[in-house]
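Here's the structure we're looking at; comments come further down.
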Amino acid sequence: MTDRTGDSWSDDAVADDDSAARAAARRARLRRGRTRGSRFTNQDGASRLRQAWGSRRVRIGAAAGVVLLIALGLTAWFSPIFAVRSVRIDGLHAVPEAQVLDALQVPDGLSMMRLDTTAMAERVAQLPKVRSVRVQREFPSSVQVTVVERIPVLFFDAPDGPHLLDSDSVEFAIEPPPDTAPKLVTDHPGGNDPVTKAAVAVMSAVPPSLGVGQVVARSVSDIALQLRDGRTVLWGGAGDSQRKAAVAVPLLTQPGNVFDVSSPNLATVK
């Protein structure tokens with residue numbers, strides 16, 4: 001009896017020891033799991049913190065860049081550092097430079113960024129002898145002005161003096177014509193007269209080598225060129241003027257007084 005009781009007590013003790021060992025193992029596993037979870041949580045938190053800080057640095061840098069650009073823009077817009085210090089004008093021959101400068105009205109001390117180049121060009125274009133003009137900023141402190149002047153291709157006499165006509169049939173000046181400008185003889189000369197416009201179109205195609213001294217225009221289809229050497233070229237109308245000019249140049253090497261190119265394919269000499 002004593003032996004059986006002793007054996008039974010011994011078995012219970014072993015069973016209790018096994019249960020205690022298994023419980024200790026479970027607690028150890030739980031502790032390791034909590035440790036790993038804490039490590040991973042700490043790493044994820046640090047990563048999120050670094051990302052948030054990086055994103056904040058980007059936002060701060062972008063905001064600083066915007067502020068810098070605004071500051072530079074305001075400086076360029078208002079600061080006299082970028083004021084106009086020189087004006088260069090190209091293309092002038094008949095128009096005095098002082099007239100162009102007066103028309104430009106370049107403001108003293110105004111920033112280049114605030115110049116109204118369109119308005120400046122429009123004022124210069126109103127000068128009678130200016131056909132076109134371009135005004136450009138050249139940083140840091142210069143203005144470039146390029147002028148195309150009107151060139152007389154014909155003139156006609158009027159009670160108030162000779163009127164100069166350019167290739168657009170614009171009467172742009174009343175003054176003595178240059179020696180190279182032929183005289184127009186027609187019944188009703190003027191920039192809006194159809195016959196005058198036809199004569200201008202003819203002269204725009206005639207090479208200077210022909211030496212035209214006078215253009216006699218009886219109608220839009222009856223135009224004759226009187227050369228300075230006394231010969232006459234019967235031109236006809238303004239149509240096909242390029243072809244007529246190409247025929248007239250070699251034709252004038254032939255002897256004769258009247259050269260008819262009104263029909264360029266059937267040109268004749270008399």
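Letters A, B, ... go to the chains of the structure tokens in the order shown; residues in each chain start at 1; ligands are counted from 1 in the same order.
Residues lying within 8 Å of region 223-234 of chain A, counting only C-alpha atoms and ignoring same-chain neighbours fewer than 2 positions away, are Ala199, Leu210, Gly211, Val212, Gly213, Gln214, Val215, Val216, Ala217, Arg218, Ser219, Val220, Ser221, Gly236, Gly237, Ala248, Gly256, Asn257, Val258, Phe259, Asp260, Val261 and Ser262 of chain A.
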Filtering to C-alpha atoms, could you give me those residues as a PDB file, in the first residue's frame?
ATOM      1  CA  ALA A 199       1.620 102.865-111.975  1.00  0.00           C
ATOM      2  CA  LEU A 210      16.063 100.693-116.878  1.00  0.00           C
ATOM      3  CA  GLY A 211      16.586 104.312-115.798  1.00  0.00           C
ATOM      4  CA  VAL A 212      12.943 105.412-115.814  1.00  0.00           C
ATOM      5  CA  GLY A 213      12.539 109.192-115.682  1.00  0.00           C
ATOM      6  CA  GLN A 214       8.787 109.518-116.086  1.00  0.00           C
ATOM      7  CA  VAL A 215       5.709 107.304-115.972  1.00  0.00           C
ATOM      8  CA  VAL A 216       2.776 108.320-118.158  1.00  0.00           C
ATOM      9  CA  ALA A 217      -0.407 106.567-117.029  1.00  0.00           C
ATOM     10  CA  ARG A 218      -3.470 107.253-119.155  1.00  0.00           C
ATOM     11  CA  SER A 219      -5.451 104.367-117.632  1.00  0.00           C
ATOM     12  CA  VAL A 220      -4.865 101.227-115.593  1.00  0.00           C
ATOM     13  CA  SER A 221      -4.107  99.348-118.826  1.00  0.00           C
ATOM     14  CA  GLY A 236       0.347  98.261-120.827  1.00  0.00           C
ATOM     15  CA  GLY A 237      -1.271  97.249-117.523  1.00  0.00           C
ATOM     16  CA  ALA A 248      12.354  94.519-121.438  1.00  0.00           C
ATOM     17  CA  GLY A 256      15.110 101.502-131.549  1.00  0.00           C
ATOM     18  CA  ASN A 257      13.099 104.193-129.806  1.00  0.00           C
ATOM     19  CA  VAL A 258       9.847 102.491-128.775  1.00  0.00           C
ATOM     20  CA  PHE A 259       9.861  99.082-127.074  1.00  0.00           C
ATOM     21  CA  ASP A 260       6.479  97.435-126.639  1.00  0.00           C
ATOM     22  CA  VAL A 261       6.304  94.751-123.942  1.00  0.00           C
ATOM     23  CA  SER A 262       2.583  95.086-123.243  1.00  0.00           C
TER      24      SER A 262
END
- Message: Quick one: residues within 10 Å of Pro178 (chain A), only C-alpha atoms, excluding same-chain residues fewer than 3 positions away - as a list of chain:residue names?
- Response: A:Ile151, A:Pro152, A:Val153, A:Leu154, A:Phe155, A:Leu164, A:Glu175, A:Ala181, A:Pro182
- Query: Any idea what's packed within 9 Å of Val170 (chain A), counting only C-alpha atoms, ignoring anything in its chain fewer than 3 positions away? Could you give it as a PyMOL selection string?
  - Reply: chain A and resi 150+164-167+190-192
Only all heavy atoms, please: the residues just picked out, written as a compact mmCIF listing (two decimals), in the first residue's frame.
# COMPACT_ATOMS: atom_id res chain seq x y z
N ARG A 150 9.95 104.35 -95.45
CA ARG A 150 9.27 104.37 -96.74
C ARG A 150 10.22 104.91 -97.79
O ARG A 150 10.91 105.91 -97.57
CB ARG A 150 8.01 105.25 -96.67
CG ARG A 150 6.97 104.73 -95.69
CD ARG A 150 5.67 105.50 -95.81
NE ARG A 150 4.70 105.08 -94.82
CZ ARG A 150 3.90 104.01 -94.95
NH1 ARG A 150 3.97 103.27 -96.05
NH2 ARG A 150 3.05 103.68 -93.99
N LEU A 164 5.47 112.46 -102.53
CA LEU A 164 6.21 111.21 -102.67
C LEU A 164 5.30 110.02 -102.38
O LEU A 164 4.55 110.03 -101.40
CB LEU A 164 7.41 111.18 -101.73
CG LEU A 164 8.38 112.37 -101.81
CD1 LEU A 164 9.61 112.10 -100.94
CD2 LEU A 164 8.79 112.65 -103.24
N LEU A 165 5.39 108.99 -103.23
CA LEU A 165 4.60 107.77 -103.08
C LEU A 165 5.54 106.59 -102.86
O LEU A 165 6.55 106.45 -103.57
CB LEU A 165 3.76 107.50 -104.33
CG LEU A 165 2.63 108.47 -104.65
CD1 LEU A 165 2.24 108.35 -106.11
CD2 LEU A 165 1.43 108.18 -103.76
N ASP A 166 5.21 105.71 -101.90
CA ASP A 166 6.03 104.52 -101.71
C ASP A 166 5.40 103.33 -102.42
O ASP A 166 4.40 103.47 -103.15
CB ASP A 166 6.25 104.23 -100.23
CG ASP A 166 5.00 103.68 -99.54
OD1 ASP A 166 3.91 103.71 -100.13
OD2 ASP A 166 5.14 103.23 -98.39
N SER A 167 5.94 102.14 -102.21
CA SER A 167 5.47 100.95 -102.91
C SER A 167 4.08 100.51 -102.47
O SER A 167 3.48 99.63 -103.10
CB SER A 167 6.45 99.79 -102.69
OG SER A 167 6.60 99.52 -101.31
N GLY A 190 -2.81 110.39 -106.93
CA GLY A 190 -3.12 110.32 -105.49
C GLY A 190 -3.05 108.89 -105.01
O GLY A 190 -3.19 107.93 -105.79
N GLY A 191 -2.86 108.74 -103.72
CA GLY A 191 -2.70 107.40 -103.16
C GLY A 191 -3.92 106.51 -103.30
O GLY A 191 -3.79 105.29 -103.28
N ASN A 192 -5.11 107.10 -103.46
CA ASN A 192 -6.33 106.30 -103.59
C ASN A 192 -6.79 106.16 -105.04
O ASN A 192 -7.82 105.51 -105.29
CB ASN A 192 -7.46 106.93 -102.77
CG ASN A 192 -7.16 106.91 -101.28
OD1 ASN A 192 -6.62 105.93 -100.77
ND2 ASN A 192 -7.51 107.99 -100.58
- Message: Going by DSSP on the backbone, which residues of region 110-269 of chain A come out as helix (DSSP H, G or I)? List them as a PyMOL selection string.
- Response: chain A and resi 112-114+117-125+194-205+208-210+241-251+264-266
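When CA of Asp108 (chain A) is paired with CA of Val145 (chain A), their separation reads 17.1 Å.
For the residues A:Val84, A:Val195, A:Leu184, A:Ala245, ranking by smallest atom-to-atom distance to Leu110 (chain A) using only C-alpha atoms places A:Val84 first.
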- Query: Counting only C-alpha atoms, what is within 8 Å of Ser86 (chain A), bar same-chain residues fewer than 3 positions away, as a ChimeraX atom specification?
  - Reply: /A:141-143
Deliver the residues from the most recent selection as a file, using C-alpha atoms, as a PDB file, in the first residue's frame.
ATOM      1  CA  SER A 141      19.301  97.720 -69.801  1.00  0.00           C
ATOM      2  CA  SER A 142      19.003  98.336 -73.583  1.00  0.00           C
ATOM      3  CA  VAL A 143      16.185  98.929 -76.044  1.00  0.00           C
TER       4      VAL A 143
END
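Of the listed residues A:Ala267, A:Ala94, A:Asp102, A:Asp187, the one whose atoms come nearest to Arg131 (chain A) is A:Ala94, with distances taken using only C-alpha atoms.
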- Could you please write out, as a PyMOL selection string, every residue of region 51-215 of chain A that DSSP assigns to strand (DSSP E or B)? chain A and resi 83+86-90+111+130-138+142-149+154-156+163-165+171-174+183-185+212-215
